[in-house]
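What follows is a short report on a single structure.
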Amino acid sequence: MVVVNNINQIKICVMKKVMLLVLSIMMLYGLNAVAGESISYVKTDGNIYFGQKVKVGISKTRIIASDGTVVKIPNHKVEAYMQDSHLFELMPVSYNSAASVKMDLLEKITLKDGLALYRSATINDDLSGFDYYVYKDGKLYLKCSKLSTESVLQFFGINKVS
């Protein structure tokens, strides 16, 4: 009798572990499915438009909703947008006075010690790459030169220019 009780207890213990393992696997797949979905949105004039995809064109930015509806926004009115988990925000890229500040949509890379690192793609005749900017409290703190870019990226924990 004692042996039968022990065998039943072992079976119950094994079944509990198998159930726990199956539930864990199901939860992991569920989390991966949710994590695989990226949020896309466009922010403009105090409004935020959510959708599945953002397409930035020459003159307009389009946000495509899950039901297929499309909202078109003129590029000069876009304050920020997120596409494929990349955030782009309208930021000043010059140190000029408030009246003549040049603004551009920059990709937010990371934050550290109250500083934010942004980048923009550059395409020159002989070279293409990225320009990097550091902001503090939403104001331009440092525009990285070719010489300072590597050390700034290392400060933010980025080892390689991509």
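Just remember, in the structure tokens the first chain shown is A, the second B, etc., residues are 1-based per chain, and ligands are 1-based in the order shown.
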
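Across range 103-138 of chain A, DSSP run on the backbone finds strand (DSSP E) at Met103, Asp104, Leu105, Leu106, Glu107, Lys108, Ile109, Thr110, Leu111, Lys112, Leu115, Ala116, Leu117, Tyr118, Arg119, Ser120, Ala121, Thr122, Ile123, Ser128, Gly129, Phe130, Asp131, Tyr132, Tyr133, Val134, Tyr135 and Lys136 of chain A.
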
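When the distance limit is 9 Å and only C-alpha atoms are what count, the residues near Lys72 in chain A, minus those fewer than 6 positions from it on the same chain, are Lys60, Thr61, Arg62, Ile63 and Ile64 of chain A.
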
The distance between CA of Gly57 in chain A and CA of Lys139 in chain A is 27.1 Å

List the neighbours of range 54-56 of chain A out to 12 Å using only C-alpha atoms; skip same-chain residues closer than 5 positions along the sequence, and give me the result as a PyMOL selection string.
-> chain A and resi 38-43+49+61-66+70-76+78+80-88+105

Which is closer to Leu90 in chain A than all the others in A:Gln9, A:Lys53, A:Thr44, A:Ala121, using only C-alpha atoms?
-> A:Thr44

Excluding Tyr141 in chain A and any residue of its chain fewer than 6 positions from it, enumerate the residues within 12 Å of it, using only C-alpha atoms, and give them as a list in words.
-> Met91, Pro92, Val93, Ser94, Tyr95, Gly114, Leu115, Ala116, Leu117, Tyr118, Tyr132, Tyr133, Val134 and Tyr135 of chain A

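Among the candidate residues A:Ile123, A:Ser148, A:Ile10, A:Lys77, the one lying nearest to Asp104 in chain A is A:Lys77, with distances computed using only C-alpha atoms.
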
Which of these, A:Ile7, A:Ile48, A:Ile58, A:Leu153, has the shortest distance to Leu111 in chain A once you count only C-alpha atoms?
-> A:Leu153

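The smallest atom-to-atom distance between Leu106 in chain A and any of A:Leu142, A:Ser59, A:Ile158, A:Arg119, using only C-alpha atoms, is found for A:Arg119.
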
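As for CA of Cys144 in chain A and CA of Glu79 in chain A, they are spaced 23.0 Å apart.
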